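One structure is given here, and the rest of the page talks about it.
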Amino acid sequence: MRLVIIIIGIVTGALFLSALALPANPSLGAKPAIADVRRKVVGFSKSCDNLQQTINRLDSHDPLSVQNTKTALLNCRYQYKEIEFFLEYFFISSAHIFNGPSKFDPGESETGYQESVGFQEIEALLFAPDVGAQKGKLMAQAAVICSSARDMSTLFDEFQTSDRQLLRSLQQELVRIMTLGITGYDAPLLKSGITESYYALRSIQTVLAPLLKNSPSTEMSGLLSTGMAYLKTHQNFDSFDRMCFLTRYAMPLQQQLNIFIRQSKLELNTGSVLNYNAKNLFSPDAFYKGAFLDVKANNRELVALGRQLFFEKGLSGPGTRSCATCHQPERYFTDGLPQSLAIDGHSHVLRNAPSLLYAGFQYSQFWDARAKSLVEQVKDVLASKEEMDADQAIVEARLAQDKRYNKLFKNAFPGLGDHAVSFDGIANCIAAYELSLSPRNSTFDQYMAGNKLALTTRQIQGFNLFMGKARCATCHFAPLFNGLVPPLYKTTELEILGVPQTDDRKNVVADQDDGRYRLFPIPFNKGAFKTPTIRNVAKTGPYMHNGSFHTLEKVLDFYNGGGGNGWGLTNNEQTLSSDSLKLNKSEIKSIISFLNSVTDQYGKHY
């Protein structure tokens with residue numbers, strides 16, 4: 001089973017709690033939606049009972065018995081998807097019981113560990129080679145699910161909500177379909193994501209029906225119907241054309257839903273990472289930058305000063321290097337080395353210098369996620385004896401004595417007067433500059449914006465494989481293709497891949513860097529590293545935290561072979577599936593072609 005490690009960016013459920021704090025105003029959509037979900041909960045509970053009974057009768061020596069159990073699980077999942085939008089928004093704890101992955105809240109003890117429970121765990125057990133030996137675990141899982149399903153009716157006692165909250169839950173569900181549903185994120189072995197997305201989209205149609213009676217949207221109604229029809233008639237997971245579904249149906253539907261909500265004056269003005277006023281999820285303005293940096297990240301003077309400081313060698317102790325030494329703009333803000341050179345000019349730091357393009361769109365920084373913000377990351381690098389070896393007082397004095405910097409700091413931080421130059425100010429400016437490094441102008445972005453000549457047929461095929469059969473998008477989530485977990489984008493994910501020391505598959509040696517385990521020596525942290533973006537990946541090799549892979553072909557061979565365990569290493573905590581993806585050479589070439597399409601074009605102003 002694909003286990004997930006996450007760093008909490010904002011307290012889980014904060015958005016949900018803020019929504020419920022608003023005065024409820026049941027009206028056209030809320031009342032019938034609640035009644036419909038209550039009815040479907042009854043059917044869902046019965047399907048869970050049937051799953052439990054089927055598991056109790058499971059005979060691992062009878063292939064038909066095993067298949068019947070998988071079918072019963074599928075039926076549960078389909079019925080769950082029709083109420084997913086509601087549970088994930090209003091009753092998130094219940095949703096996690098049914099369909100949540102294992103997750104970890106990394107800390108200094110094992111209290112952050114949450115045992116895997118629900119459909120995803122049952123799926124993994126049913127597909128285990130020794131399914132018979134798993135029957136006890138399967139029965140225990142089924143008991144938890146059935147008990148929770150029976151208790152769900154009590155959640156509706158005196159429950160009320162408003163159309164605003166309801167519509168926000170639909171907006172989130174549509175993003176969930178676009179990023180998790182069609183990628184098979186929560187059912188990778190059953191490969192039922194396309195059919196599940198049909199049921200999820202059907203629930204959106206059902207909820208919107210009463211609201212559209214008074215404010216009809218012919219275009220939105222048409223997109224719902226045709227999108228569902230496309231999902232229903234193209235259910236093969238591996239061959240499903242995700243690009244077609246996204247560009248013809250899902251993205252236009254998202255745009256129309258957002259317009260409908262604004263025109264109906266039913267916006268929900270609560271904190272959100274996603275900009276629901278953006279055209280769609282793939283628009284350059286789809287994310288609020290302020291969600292990732294608690295300074296005025298769009299302040300031009302702040303960003304401009306940050307850029308100058310980024311190239312300022314005076315920030316290093318000996319005055320010999322700047323941030324740009326290891327993050328060179330001409331190399332897409334990398335240095336092209338397996339591990340960067342240390343400040344002494346001959347030794348190397350522990351890990352590879354990742355690109356800073358889109359690096360700001362994460363809640364944790366560094367490969368081991370040790371910094372909780374961009375500002376903290378900058379301070380860490382400046383103070384590092386291996387990297388910049390900066391003394392806070394000396395750096396502040398240097399810049400304060402420079403009339404040019406003195407003026408720039410006063411403009412960027414008005415009101416601070418002669419004390420504008422500070423270590424905190426330096427870190428905030430550089431962080432703001434780093435967050436600005438998000439061009440979103442690759443040929444892929446041009447295609448998603450409407451230029452249908454921007455991508456080749458092979459690149460589109462590669463995108464479909466990336467989002468489907470190859471399972472890349474179940475860790476590199478759209479649209480930034482990094483570890484930000486949709487649909488809320490409020491957590492940053494880490495994975496354990498089992499990366500070796502080199503890309504020599506014939507002589508595999510385990511890498512000795514334990515990643516996050518160095519910070520928190522807990523077994524499930526061993527070998528855990530943050531998931532970076534694959535945007536501009538064609539220009540930012542060598543790859544992985546240790547720079548062990550020198551070509552994209554080698555990287556794809558590694559994933560296709562099942563990661564470290566698939567290559568012959570042993571890591572019991574590996575989160576990447578050890579099974580082969582069964583990608584052929586042509587499919588790998590297509591994926592690499594797609595990876596080339598997410599290369600940005602940027603000028604000297606960066």
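The way I read the labels, and the way they are meant: chains A, B, ... in the order of the structure tokens, residue 1 as the first residue of every chain, and ligand 1 as the first ligand shown, with later ones counted on from there.
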For this session: Report as an MDAnalysis selection string: the residues of range 261-431 of chain A with a DSSP assignment of helix (DSSP H, G or I), based on the backbone of this structure.
Result: chainID A and resid 261:263 289:291 300:310 313:315 323:326 329:331 374:383 392:400 403:412 417:419 423:431
For this session: Just the residues within 12 Å of Phe466 in chain A, please, counting only C-alpha atoms, with nothing from its chain fewer than 4 positions along; format it as JSON, numbers by chain.
Result: {"A": [179, 182, 183, 184, 238, 239, 240, 241, 242, 243, 459, 460, 461, 462, 470, 471, 472, 473, 474, 475, 476, 477, 478, 481, 534, 556, 559, 560, 581, 583, 587, 588, 589, 590, 591, 592, 593, 594, 595]}
Let's have the selection written as a compact mmCIF listing (two decimals), in the first residue's frame, with N, CA, C and O atoms.
```
# COMPACT_ATOMS: atom_id res chain seq x y z
N THR A 179 -7.51 15.94 -9.71
CA THR A 179 -6.13 15.70 -9.26
C THR A 179 -5.92 14.34 -8.61
O THR A 179 -4.82 13.78 -8.69
N ILE A 182 -9.02 10.88 -11.04
CA ILE A 182 -8.63 10.32 -12.33
C ILE A 182 -7.19 9.81 -12.33
O ILE A 182 -6.77 9.13 -13.27
N THR A 183 -6.42 10.11 -11.28
CA THR A 183 -5.05 9.59 -11.19
C THR A 183 -4.99 8.26 -10.45
O THR A 183 -3.93 7.62 -10.43
N GLY A 184 -6.10 7.86 -9.82
CA GLY A 184 -6.10 6.61 -9.07
C GLY A 184 -5.38 6.71 -7.75
O GLY A 184 -4.93 5.71 -7.20
N ASP A 238 -5.92 2.68 -17.72
CA ASP A 238 -4.64 2.93 -18.37
C ASP A 238 -4.76 3.73 -19.65
O ASP A 238 -3.86 4.50 -19.99
N SER A 239 -5.85 3.55 -20.38
CA SER A 239 -5.98 4.22 -21.67
C SER A 239 -6.82 5.50 -21.60
O SER A 239 -6.97 6.20 -22.61
N PHE A 240 -7.33 5.84 -20.44
CA PHE A 240 -8.20 7.02 -20.32
C PHE A 240 -7.45 8.29 -20.72
O PHE A 240 -6.32 8.52 -20.30
N ASP A 241 -8.10 9.12 -21.54
CA ASP A 241 -7.49 10.37 -22.02
C ASP A 241 -7.77 11.48 -21.01
O ASP A 241 -8.78 12.18 -21.07
N ARG A 242 -6.88 11.63 -20.06
CA ARG A 242 -7.06 12.62 -19.01
C ARG A 242 -6.95 14.05 -19.53
O ARG A 242 -7.63 14.95 -19.03
N MET A 243 -6.10 14.25 -20.52
CA MET A 243 -5.99 15.59 -21.10
C MET A 243 -7.30 16.01 -21.72
O MET A 243 -7.74 17.17 -21.56
N GLN A 459 3.72 14.28 -26.39
CA GLN A 459 3.71 14.95 -25.09
C GLN A 459 2.37 14.78 -24.39
O GLN A 459 2.32 14.60 -23.17
N ILE A 460 1.29 14.82 -25.14
CA ILE A 460 -0.03 14.60 -24.56
C ILE A 460 -0.14 13.16 -24.07
O ILE A 460 -0.68 12.90 -22.98
N GLN A 461 0.39 12.23 -24.84
CA GLN A 461 0.41 10.84 -24.40
C GLN A 461 1.21 10.70 -23.11
O GLN A 461 0.82 9.97 -22.18
N GLY A 462 2.32 11.42 -23.04
CA GLY A 462 3.15 11.38 -21.83
C GLY A 462 2.43 11.94 -20.62
O GLY A 462 2.54 11.41 -19.51
N ALA A 470 1.44 5.46 -15.06
CA ALA A 470 2.75 5.58 -14.43
C ALA A 470 2.68 6.03 -12.97
O ALA A 470 3.69 6.02 -12.27
N ARG A 471 1.52 6.48 -12.53
CA ARG A 471 1.26 6.87 -11.14
C ARG A 471 2.10 8.06 -10.65
O ARG A 471 2.20 8.31 -9.45
N CYS A 472 2.71 8.78 -11.57
CA CYS A 472 3.56 9.90 -11.16
C CYS A 472 2.76 10.95 -10.40
O CYS A 472 3.23 11.52 -9.41
N ALA A 473 1.53 11.22 -10.88
CA ALA A 473 0.72 12.29 -10.31
C ALA A 473 0.10 11.94 -8.97
O ALA A 473 -0.58 12.77 -8.38
N THR A 474 0.33 10.72 -8.48
CA THR A 474 -0.15 10.39 -7.14
C THR A 474 0.84 10.84 -6.07
O THR A 474 0.57 10.70 -4.87
N CYS A 475 1.98 11.38 -6.49
CA CYS A 475 2.94 12.00 -5.57
C CYS A 475 3.28 13.42 -6.02
O CYS A 475 3.47 14.30 -5.19
N HIS A 476 3.37 13.61 -7.34
CA HIS A 476 3.62 14.93 -7.92
C HIS A 476 2.28 15.48 -8.39
O HIS A 476 1.89 15.34 -9.55
N PHE A 477 1.57 16.13 -7.45
CA PHE A 477 0.19 16.49 -7.70
C PHE A 477 0.05 17.71 -8.61
O PHE A 477 0.78 18.69 -8.48
N ALA A 478 -0.92 17.62 -9.52
CA ALA A 478 -1.22 18.75 -10.40
C ALA A 478 -1.82 19.89 -9.57
O ALA A 478 -2.45 19.66 -8.55
N PHE A 481 2.72 19.96 -9.71
CA PHE A 481 3.44 18.69 -9.83
C PHE A 481 4.52 18.55 -8.75
O PHE A 481 5.62 18.08 -9.00
N ILE A 534 8.25 18.59 -10.56
CA ILE A 534 8.93 18.09 -11.76
C ILE A 534 8.92 19.16 -12.85
O ILE A 534 9.41 18.91 -13.96
N LEU A 556 13.27 7.23 -14.75
CA LEU A 556 12.07 6.48 -15.14
C LEU A 556 12.28 4.98 -15.00
O LEU A 556 11.36 4.25 -14.62
N TYR A 559 11.76 4.19 -11.25
CA TYR A 559 10.35 4.14 -10.86
C TYR A 559 9.64 2.95 -11.50
O TYR A 559 8.84 2.27 -10.87
N ASN A 560 9.93 2.72 -12.76
CA ASN A 560 9.30 1.62 -13.48
C ASN A 560 9.65 0.27 -12.86
O ASN A 560 8.86 -0.68 -12.90
N LEU A 581 5.83 -0.90 -12.92
CA LEU A 581 4.73 -0.17 -13.55
C LEU A 581 4.39 -0.74 -14.93
O LEU A 581 3.39 -0.38 -15.52
N LEU A 583 5.81 -0.20 -17.77
CA LEU A 583 5.89 0.78 -18.85
C LEU A 583 6.87 0.27 -19.90
O LEU A 583 7.97 -0.17 -19.58
N GLU A 587 6.46 4.18 -24.02
CA GLU A 587 5.73 4.93 -22.99
C GLU A 587 6.68 5.78 -22.16
O GLU A 587 6.37 6.93 -21.82
N ILE A 588 7.85 5.24 -21.86
CA ILE A 588 8.84 6.01 -21.11
C ILE A 588 9.29 7.23 -21.91
O ILE A 588 9.44 8.33 -21.37
N LYS A 589 9.50 7.05 -23.21
CA LYS A 589 9.88 8.18 -24.07
C LYS A 589 8.79 9.25 -24.08
O LYS A 589 9.08 10.45 -24.08
N SER A 590 7.53 8.81 -24.07
CA SER A 590 6.42 9.75 -24.06
C SER A 590 6.39 10.55 -22.77
O SER A 590 6.15 11.77 -22.78
N ILE A 591 6.63 9.88 -21.65
CA ILE A 591 6.65 10.58 -20.36
C ILE A 591 7.77 11.61 -20.33
O ILE A 591 7.59 12.75 -19.89
N ILE A 592 8.94 11.22 -20.83
CA ILE A 592 10.06 12.15 -20.85
C ILE A 592 9.76 13.33 -21.78
O ILE A 592 10.12 14.48 -21.48
N SER A 593 9.06 13.06 -22.86
CA SER A 593 8.66 14.14 -23.76
C SER A 593 7.74 15.12 -23.04
O SER A 593 7.87 16.34 -23.19
N PHE A 594 6.82 14.59 -22.25
CA PHE A 594 5.95 15.46 -21.45
C PHE A 594 6.77 16.26 -20.45
O PHE A 594 6.54 17.46 -20.25
N LEU A 595 7.73 15.61 -19.79
CA LEU A 595 8.55 16.30 -18.80
C LEU A 595 9.31 17.46 -19.43
O LEU A 595 9.55 18.48 -18.78
```
Problem set entry | Residues near Lys265 in chain A, cut-off 12 Å, only C-alpha atoms, skip fewer than 6 positions along chain, as a ChimeraX atom specification | /A:163-164,167,215,258-259
Exercise. So which residues touch Asp557 in chain A within 10 Å, counting only C-alpha atoms, skipping near sequence neighbours fewer than 5 positions away, as number ranges by chain?
Worked result: A: 503, 505, 551-552, 562-563, 567, 580-581, 583, 585, 588
Exercise. Rounded to one decimal in Å, what is the spacing between CA of Arg168 in chain A and CA of Ala149 in chain A?
Worked result: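 Between CA of Arg168 in chain A and CA of Ala149 in chain A the gap is 24.2 Å.
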Exercise. Within 10 Å of range 497-502 of chain A, counting only C-alpha atoms, which residues qualify if same-chain residues fewer than 6 places away don't, as number ranges by chain?
Worked result: A: 508-514, 526-529, 544-550, 558-559, 562-578
Problem set entry | Near-Gln256 in chain A list (12 Å; only C-alpha atoms; drop same-chain fewer than 5 positions) as a PyMOL selection string | chain A and resi 171+174+216-224+249-251+261-264+276-280
For this session: Check the smallest atom-to-atom distance from each of A:Val175, A:Val37, A:Ile97, A:Leu126 to Phe156 in chain A using only C-alpha atoms, then report the winner.
Result: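 For Phe156 in chain A, the nearest of the given residues is A:Val37.
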